[in-house]
Amino acid sequence: KFCCPLATSLSTPLATSLNTPTRSLPPGYVGRGWCLDAQDRMYNSITADGSKEIGSPHDCLDLCESIPTSYPSQLVGFQYDSKPPEYSQACRCLYTTMPDVTEELGNELGIQYDDTGAGAGPVAGSNVKDESMSCYSTSPSFVLPTPAPTVSKLPTYDAGCFDFSLSFLLPKVINHGLYYLWSVTSLDYEGISWGETSSVLVVPEGELSNSIVTKRPLDDRVCLPADSSYELQINIHGSHPASETVKGTGVWFVLSTGEEHIS
């Protein structure tokens, strides 16, 4: 955590660097929750049976790619659950047409069938209902050949999207008003940034006064490349001295990825 004390003029820029985790997400990240087709249907799946450890999306992808198929497009995506209700549900390999796997091979790979879905075709989205579940598409359309953002409904990069949250604890505004503005800018990709496009006004007794505001780039359909470092800038300003405007001495912020605090 960092605290940026409000200066007398209430003009306080702050900058800090963010370093993303050393191993990026697999390509094809779609979003939180269960994968859905174009008609919002879930897919048939082959799941891990719990006999082997699945501790990351990479482990899940490796398992799915080890299952033989008649043709590559049979596997349309996979789901990884970081907090599964049962260990065997940590990984689901998704199919339009289920591959034919013998019982002997299934036991060797540590998998089991779940053919209760009706999804067809490429993954089109996710239901965003389960925060611990991540949906990935294995369709080539979800992997761009160059590190440039798309303008589609589900943007992504070769290295995947940096999934994190940014929370602000705003001070209690007692008089006049307080403006704040923030941005997260890539240090490696020109023109890649995310944040407020204009200053946000916090008024006395308003809902933002003495409140916590949490933002997440993927909720805003913004994909920040996972193989980049970032600079966070926060600017707070007002028209009167801090002692006449707010109760307290600063704005706190927390950066986190999953349950891990970055700063």
# chains A, B, ... in the order shown; residues from 1 in each chain; ligands from 1
$ residues_around --residues "region 186-202 of chain A" --least-positions-apart "6" --cutoff "12 Å" --atoms "only C-alpha atoms" --output "PyMOL selection string"
chain A and resi 16-20+146-150+157+162+165-166+170-180+208-211+213-239+245-246
$ closest_atom_pairs --of "region 46-98 of chain A" --to "region 122-136 of chain A" --cutoff "9 Å" --atoms "only C-alpha atoms" --output "Markdown table"
| residue | atom | partner | partner_atom | distance |
| --- | --- | --- | --- | --- |
| A:Pro57 | CA | A:Ser134 | CA | 8.1 |
| A:Ser73 | CA | A:Pro122 | CA | 8.8 |
| A:Val76 | CA | A:Pro122 | CA | 5.7 |
| A:Gly77 | CA | A:Tyr136 | CA | 5.4 |
| A:Phe78 | CA | A:Tyr136 | CA | 5.4 |
| A:Gln79 | CA | A:Cys135 | CA | 4.7 |
| A:Tyr80 | CA | A:Ser134 | CA | 5.3 |
| A:Asp81 | CA | A:Met133 | CA | 4.3 |
| A:Ser82 | CA | A:Ser132 | CA | 5.3 |
| A:Lys83 | CA | A:Ser132 | CA | 5.8 |
| A:Pro84 | CA | A:Ser132 | CA | 7.8 |
| A:Ala90 | CA | A:Met133 | CA | 8.7 |
| A:Thr96 | CA | A:Pro122 | CA | 8.4 |
$ select_by_dssp --residues "region 15-235 of chain A" --states "strand (DSSP E)" --output "number ranges by chain"
A: 15-19, 29-32, 35-36, 44-48, 75-81, 91-95, 111-114, 125-126, 133-137, 165-169, 172-173, 178-186, 193-195, 200-202, 212-215, 229-235
$ residues_around --residues "Asp59 (chain A)" --least-positions-apart "3" --cutoff "12 Å" --atoms "only C-alpha atoms" --output "ChimeraX atom specification"
/A:25-26,48,52-56,62-66,78-82,90-93
$ write_last_selection --atoms "N, CA, C and O atoms" --output "JSON list (two decimals), in the first residue's frame"
[["chain", "number", "residue", "atom", "x", "y", "z"],
["A", 25, "LEU", "N", -0.31, -15.18, -18.62],
["A", 25, "LEU", "CA", -1.43, -16.09, -18.85],
["A", 25, "LEU", "C", -1.30, -16.73, -20.23],
["A", 25, "LEU", "O", -0.68, -16.17, -21.13],
["A", 26, "PRO", "N", -1.88, -17.90, -20.42],
["A", 26, "PRO", "CA", -1.89, -18.49, -21.77],
["A", 26, "PRO", "C", -2.66, -17.58, -22.72],
["A", 26, "PRO", "O", -3.52, -16.80, -22.29],
["A", 48, "ALA", "N", -10.61, -32.91, -15.43],
["A", 48, "ALA", "CA", -9.58, -33.61, -14.65],
["A", 48, "ALA", "C", -10.27, -34.39, -13.54],
["A", 48, "ALA", "O", -11.22, -33.91, -12.92],
["A", 52, "LYS", "N", -4.27, -35.98, -10.81],
["A", 52, "LYS", "CA", -3.07, -35.22, -11.10],
["A", 52, "LYS", "C", -3.28, -33.76, -10.71],
["A", 52, "LYS", "O", -4.38, -33.24, -10.79],
["A", 53, "GLU", "N", -2.19, -33.13, -10.31],
["A", 53, "GLU", "CA", -2.29, -31.74, -9.84],
["A", 53, "GLU", "C", -2.49, -30.78, -11.01],
["A", 53, "GLU", "O", -1.77, -30.82, -12.01],
["A", 54, "ILE", "N", -3.51, -29.93, -10.88],
["A", 54, "ILE", "CA", -3.76, -28.86, -11.85],
["A", 54, "ILE", "C", -3.68, -27.56, -11.06],
["A", 54, "ILE", "O", -4.62, -27.17, -10.37],
["A", 55, "GLY", "N", -2.55, -26.88, -11.15],
["A", 55, "GLY", "CA", -2.34, -25.72, -10.30],
["A", 55, "GLY", "C", -2.31, -24.39, -11.01],
["A", 55, "GLY", "O", -2.09, -23.35, -10.38],
["A", 56, "SER", "N", -2.54, -24.39, -12.33],
["A", 56, "SER", "CA", -2.48, -23.14, -13.09],
["A", 56, "SER", "C", -3.20, -23.33, -14.42],
["A", 56, "SER", "O", -3.45, -24.46, -14.85],
["A", 62, "ASP", "N", -2.11, -27.78, -20.83],
["A", 62, "ASP", "CA", -1.27, -28.94, -21.14],
["A", 62, "ASP", "C", -2.10, -30.22, -21.12],
["A", 62, "ASP", "O", -1.92, -31.11, -21.98],
["A", 63, "LEU", "N", -3.00, -30.34, -20.13],
["A", 63, "LEU", "CA", -3.85, -31.52, -20.05],
["A", 63, "LEU", "C", -4.75, -31.62, -21.28],
["A", 63, "LEU", "O", -4.86, -32.69, -21.91],
["A", 64, "CYS", "N", -5.39, -30.52, -21.65],
["A", 64, "CYS", "CA", -6.32, -30.53, -22.79],
["A", 64, "CYS", "C", -5.59, -30.88, -24.08],
["A", 64, "CYS", "O", -6.13, -31.61, -24.93],
["A", 65, "GLU", "N", -4.39, -30.35, -24.25],
["A", 65, "GLU", "CA", -3.64, -30.62, -25.49],
["A", 65, "GLU", "C", -3.09, -32.05, -25.53],
["A", 65, "GLU", "O", -2.71, -32.53, -26.60],
["A", 66, "SER", "N", -3.07, -32.73, -24.38],
["A", 66, "SER", "CA", -2.60, -34.12, -24.36],
["A", 66, "SER", "C", -3.70, -35.11, -24.74],
["A", 66, "SER", "O", -3.41, -36.28, -24.99],
["A", 78, "PHE", "N", -10.88, -24.00, -22.94],
["A", 78, "PHE", "CA", -10.76, -24.67, -21.65],
["A", 78, "PHE", "C", -11.08, -23.68, -20.53],
["A", 78, "PHE", "O", -11.04, -22.46, -20.72],
["A", 79, "GLN", "N", -11.41, -24.23, -19.37],
["A", 79, "GLN", "CA", -11.73, -23.43, -18.19],
["A", 79, "GLN", "C", -10.85, -23.89, -17.03],
["A", 79, "GLN", "O", -10.70, -25.09, -16.79],
["A", 80, "TYR", "N", -10.28, -22.92, -16.34],
["A", 80, "TYR", "CA", -9.48, -23.22, -15.15],
["A", 80, "TYR", "C", -10.12, -22.57, -13.94],
["A", 80, "TYR", "O", -10.45, -21.37, -13.97],
["A", 81, "ASP", "N", -10.30, -23.34, -12.88],
["A", 81, "ASP", "CA", -10.91, -22.84, -11.65],
["A", 81, "ASP", "C", -9.85, -22.85, -10.55],
["A", 81, "ASP", "O", -9.35, -23.90, -10.17],
["A", 82, "SER", "N", -9.50, -21.67, -10.04],
["A", 82, "SER", "CA", -8.47, -21.58, -8.99],
["A", 82, "SER", "C", -8.99, -21.99, -7.63],
["A", 82, "SER", "O", -8.22, -22.27, -6.72],
["A", 90, "ALA", "N", -11.10, -28.54, -11.36],
["A", 90, "ALA", "CA", -10.14, -27.46, -11.56],
["A", 90, "ALA", "C", -9.91, -27.17, -13.04],
["A", 90, "ALA", "O", -9.58, -26.05, -13.41],
["A", 91, "CYS", "N", -10.08, -28.17, -13.90],
["A", 91, "CYS", "CA", -9.80, -27.99, -15.33],
["A", 91, "CYS", "C", -10.89, -28.66, -16.16],
["A", 91, "CYS", "O", -11.25, -29.81, -15.90],
["A", 92, "ARG", "N", -11.40, -27.93, -17.14],
["A", 92, "ARG", "CA", -12.38, -28.48, -18.09],
["A", 92, "ARG", "C", -11.91, -28.18, -19.50],
["A", 92, "ARG", "O", -11.66, -27.02, -19.85],
["A", 93, "CYS", "N", -11.81, -29.23, -20.31],
["A", 93, "CYS", "CA", -11.47, -29.09, -21.73],
["A", 93, "CYS", "C", -12.78, -29.10, -22.51],
["A", 93, "CYS", "O", -13.59, -30.02, -22.34]]
$ decode --residues "region 87-118 of chain A" --atoms "N, CA, C and O atoms" --output "PDB file, in the first residue's frame"
ATOM      1  N   TYR A  87     -11.745 -30.932  -6.368  1.00  0.00           N
ATOM      2  CA  TYR A  87     -10.454 -30.839  -7.064  1.00  0.00           C
ATOM      3  C   TYR A  87     -10.573 -31.250  -8.525  1.00  0.00           C
ATOM      4  O   TYR A  87      -9.898 -30.727  -9.402  1.00  0.00           O
ATOM      5  N   SER A  88     -11.484 -32.194  -8.808  1.00  0.00           N
ATOM      6  CA  SER A  88     -11.605 -32.689 -10.173  1.00  0.00           C
ATOM      7  C   SER A  88     -12.199 -31.655 -11.123  1.00  0.00           C
ATOM      8  O   SER A  88     -12.193 -31.845 -12.326  1.00  0.00           O
ATOM      9  N   GLN A  89     -12.736 -30.558 -10.581  1.00  0.00           N
ATOM     10  CA  GLN A  89     -13.331 -29.531 -11.432  1.00  0.00           C
ATOM     11  C   GLN A  89     -12.380 -28.373 -11.708  1.00  0.00           C
ATOM     12  O   GLN A  89     -12.794 -27.338 -12.207  1.00  0.00           O
ATOM     13  N   ALA A  90     -11.097 -28.543 -11.364  1.00  0.00           N
ATOM     14  CA  ALA A  90     -10.141 -27.459 -11.561  1.00  0.00           C
ATOM     15  C   ALA A  90      -9.911 -27.166 -13.037  1.00  0.00           C
ATOM     16  O   ALA A  90      -9.575 -26.050 -13.407  1.00  0.00           O
ATOM     17  N   CYS A  91     -10.078 -28.167 -13.903  1.00  0.00           N
ATOM     18  CA  CYS A  91      -9.805 -27.989 -15.332  1.00  0.00           C
ATOM     19  C   CYS A  91     -10.894 -28.657 -16.158  1.00  0.00           C
ATOM     20  O   CYS A  91     -11.252 -29.813 -15.904  1.00  0.00           O
ATOM     21  N   ARG A  92     -11.398 -27.930 -17.137  1.00  0.00           N
ATOM     22  CA  ARG A  92     -12.376 -28.476 -18.086  1.00  0.00           C
ATOM     23  C   ARG A  92     -11.907 -28.181 -19.501  1.00  0.00           C
ATOM     24  O   ARG A  92     -11.660 -27.019 -19.846  1.00  0.00           O
ATOM     25  N   CYS A  93     -11.809 -29.230 -20.313  1.00  0.00           N
ATOM     26  CA  CYS A  93     -11.474 -29.085 -21.730  1.00  0.00           C
ATOM     27  C   CYS A  93     -12.784 -29.100 -22.507  1.00  0.00           C
ATOM     28  O   CYS A  93     -13.592 -30.018 -22.337  1.00  0.00           O
ATOM     29  N   LEU A  94     -13.010 -28.104 -23.342  1.00  0.00           N
ATOM     30  CA  LEU A  94     -14.325 -27.871 -23.945  1.00  0.00           C
ATOM     31  C   LEU A  94     -14.360 -28.296 -25.419  1.00  0.00           C
ATOM     32  O   LEU A  94     -13.425 -28.009 -26.179  1.00  0.00           O
ATOM     33  N   TYR A  95     -15.477 -28.929 -25.788  1.00  0.00           N
ATOM     34  CA  TYR A  95     -15.602 -29.471 -27.146  1.00  0.00           C
ATOM     35  C   TYR A  95     -17.005 -29.240 -27.700  1.00  0.00           C
ATOM     36  O   TYR A  95     -17.993 -29.231 -26.958  1.00  0.00           O
ATOM     37  N   THR A  96     -17.069 -29.065 -29.034  1.00  0.00           N
ATOM     38  CA  THR A  96     -18.340 -29.135 -29.741  1.00  0.00           C
ATOM     39  C   THR A  96     -18.688 -30.596 -29.984  1.00  0.00           C
ATOM     40  O   THR A  96     -19.808 -31.033 -29.746  1.00  0.00           O
ATOM     41  N   THR A  97     -17.712 -31.344 -30.465  1.00  0.00           N
ATOM     42  CA  THR A  97     -17.850 -32.796 -30.644  1.00  0.00           C
ATOM     43  C   THR A  97     -16.842 -33.485 -29.749  1.00  0.00           C
ATOM     44  O   THR A  97     -15.637 -33.240 -29.861  1.00  0.00           O
ATOM     45  N   MET A  98     -17.321 -34.337 -28.856  1.00  0.00           N
ATOM     46  CA  MET A  98     -16.435 -34.968 -27.890  1.00  0.00           C
ATOM     47  C   MET A  98     -15.485 -35.950 -28.571  1.00  0.00           C
ATOM     48  O   MET A  98     -15.900 -36.733 -29.440  1.00  0.00           O
ATOM     49  N   PRO A  99     -14.209 -35.952 -28.218  1.00  0.00           N
ATOM     50  CA  PRO A  99     -13.273 -36.921 -28.783  1.00  0.00           C
ATOM     51  C   PRO A  99     -13.525 -38.317 -28.207  1.00  0.00           C
ATOM     52  O   PRO A  99     -14.091 -38.469 -27.120  1.00  0.00           O
ATOM     53  N   ASP A 100     -13.112 -39.310 -28.956  1.00  0.00           N
ATOM     54  CA  ASP A 100     -13.282 -40.701 -28.538  1.00  0.00           C
ATOM     55  C   ASP A 100     -12.023 -41.127 -27.778  1.00  0.00           C
ATOM     56  O   ASP A 100     -10.966 -41.329 -28.373  1.00  0.00           O
ATOM     57  N   VAL A 101     -12.143 -41.251 -26.459  1.00  0.00           N
ATOM     58  CA  VAL A 101     -11.007 -41.610 -25.617  1.00  0.00           C
ATOM     59  C   VAL A 101     -11.313 -42.932 -24.932  1.00  0.00           C
ATOM     60  O   VAL A 101     -12.368 -43.093 -24.310  1.00  0.00           O
ATOM     61  N   THR A 102     -10.420 -43.864 -25.041  1.00  0.00           N
ATOM     62  CA  THR A 102     -10.630 -45.172 -24.421  1.00  0.00           C
ATOM     63  C   THR A 102     -10.537 -45.057 -22.898  1.00  0.00           C
ATOM     64  O   THR A 102      -9.938 -44.107 -22.359  1.00  0.00           O
ATOM     65  N   GLU A 103     -11.137 -45.997 -22.199  1.00  0.00           N
ATOM     66  CA  GLU A 103     -11.096 -45.991 -20.742  1.00  0.00           C
ATOM     67  C   GLU A 103      -9.666 -46.088 -20.235  1.00  0.00           C
ATOM     68  O   GLU A 103      -9.282 -45.430 -19.267  1.00  0.00           O
ATOM     69  N   GLU A 104      -8.853 -46.900 -20.919  1.00  0.00           N
ATOM     70  CA  GLU A 104      -7.461 -47.060 -20.506  1.00  0.00           C
ATOM     71  C   GLU A 104      -6.697 -45.746 -20.623  1.00  0.00           C
ATOM     72  O   GLU A 104      -5.952 -45.355 -19.710  1.00  0.00           O
ATOM     73  N   LEU A 105      -6.887 -45.034 -21.747  1.00  0.00           N
ATOM     74  CA  LEU A 105      -6.202 -43.762 -21.932  1.00  0.00           C
ATOM     75  C   LEU A 105      -6.740 -42.714 -20.961  1.00  0.00           C
ATOM     76  O   LEU A 105      -5.982 -41.897 -20.433  1.00  0.00           O
ATOM     77  N   GLY A 106      -8.058 -42.744 -20.725  1.00  0.00           N
ATOM     78  CA  GLY A 106      -8.656 -41.804 -19.772  1.00  0.00           C
ATOM     79  C   GLY A 106      -8.062 -41.956 -18.389  1.00  0.00           C
ATOM     80  O   GLY A 106      -7.771 -40.966 -17.701  1.00  0.00           O
ATOM     81  N   ASN A 107      -7.857 -43.196 -17.952  1.00  0.00           N
ATOM     82  CA  ASN A 107      -7.244 -43.446 -16.643  1.00  0.00           C
ATOM     83  C   ASN A 107      -5.796 -42.975 -16.613  1.00  0.00           C
ATOM     84  O   ASN A 107      -5.311 -42.443 -15.618  1.00  0.00           O
ATOM     85  N   GLU A 108      -5.111 -43.159 -17.740  1.00  0.00           N
ATOM     86  CA  GLU A 108      -3.707 -42.743 -17.815  1.00  0.00           C
ATOM     87  C   GLU A 108      -3.570 -41.222 -17.750  1.00  0.00           C
ATOM     88  O   GLU A 108      -2.685 -40.687 -17.077  1.00  0.00           O
ATOM     89  N   LEU A 109      -4.473 -40.525 -18.449  1.00  0.00           N
ATOM     90  CA  LEU A 109      -4.417 -39.063 -18.477  1.00  0.00           C
ATOM     91  C   LEU A 109      -5.045 -38.438 -17.238  1.00  0.00           C
ATOM     92  O   LEU A 109      -4.777 -37.270 -16.930  1.00  0.00           O
ATOM     93  N   GLY A 110      -5.884 -39.182 -16.528  1.00  0.00           N
ATOM     94  CA  GLY A 110      -6.562 -38.644 -15.352  1.00  0.00           C
ATOM     95  C   GLY A 110      -7.723 -37.746 -15.720  1.00  0.00           C
ATOM     96  O   GLY A 110      -7.833 -36.619 -15.230  1.00  0.00           O
ATOM     97  N   ILE A 111      -8.618 -38.238 -16.602  1.00  0.00           N
ATOM     98  CA  ILE A 111      -9.736 -37.425 -17.082  1.00  0.00           C
ATOM     99  C   ILE A 111     -11.047 -38.198 -16.989  1.00  0.00           C
ATOM    100  O   ILE A 111     -11.060 -39.413 -16.851  1.00  0.00           O
ATOM    101  N   GLN A 112     -12.159 -37.450 -17.069  1.00  0.00           N
ATOM    102  CA  GLN A 112     -13.491 -38.048 -17.077  1.00  0.00           C
ATOM    103  C   GLN A 112     -14.417 -37.195 -17.936  1.00  0.00           C
ATOM    104  O   GLN A 112     -14.174 -36.003 -18.147  1.00  0.00           O
ATOM    105  N   TYR A 113     -15.511 -37.805 -18.423  1.00  0.00           N
ATOM    106  CA  TYR A 113     -16.430 -37.142 -19.344  1.00  0.00           C
ATOM    107  C   TYR A 113     -17.507 -36.349 -18.612  1.00  0.00           C
ATOM    108  O   TYR A 113     -17.965 -36.745 -17.540  1.00  0.00           O
ATOM    109  N   ASP A 114     -17.918 -35.242 -19.208  1.00  0.00           N
ATOM    110  CA  ASP A 114     -19.103 -34.492 -18.778  1.00  0.00           C
ATOM    111  C   ASP A 114     -19.784 -33.980 -20.039  1.00  0.00           C
ATOM    112  O   ASP A 114     -19.397 -32.956 -20.591  1.00  0.00           O
ATOM    113  N   ASP A 115     -20.797 -34.703 -20.522  1.00  0.00           N
ATOM    114  CA  ASP A 115     -21.432 -34.359 -21.799  1.00  0.00           C
ATOM    115  C   ASP A 115     -22.805 -33.734 -21.593  1.00  0.00           C
ATOM    116  O   ASP A 115     -23.763 -34.012 -22.312  1.00  0.00           O
ATOM    117  N   THR A 116     -22.916 -32.851 -20.603  1.00  0.00           N
ATOM    118  CA  THR A 116     -24.202 -32.212 -20.298  1.00  0.00           C
ATOM    119  C   THR A 116     -24.387 -30.882 -21.026  1.00  0.00           C
ATOM    120  O   THR A 116     -25.427 -30.248 -20.898  1.00  0.00           O
ATOM    121  N   GLY A 117     -23.380 -30.427 -21.772  1.00  0.00           N
ATOM    122  CA  GLY A 117     -23.485 -29.146 -22.465  1.00  0.00           C
ATOM    123  C   GLY A 117     -24.062 -29.273 -23.855  1.00  0.00           C
ATOM    124  O   GLY A 117     -24.267 -30.372 -24.376  1.00  0.00           O
ATOM    125  N   ALA A 118     -24.323 -28.116 -24.471  1.00  0.00           N
ATOM    126  CA  ALA A 118     -24.883 -28.093 -25.825  1.00  0.00           C
ATOM    127  C   ALA A 118     -24.200 -27.050 -26.697  1.00  0.00           C
ATOM    128  O   ALA A 118     -24.669 -26.747 -27.789  1.00  0.00           O
TER     129      ALA A 118
END
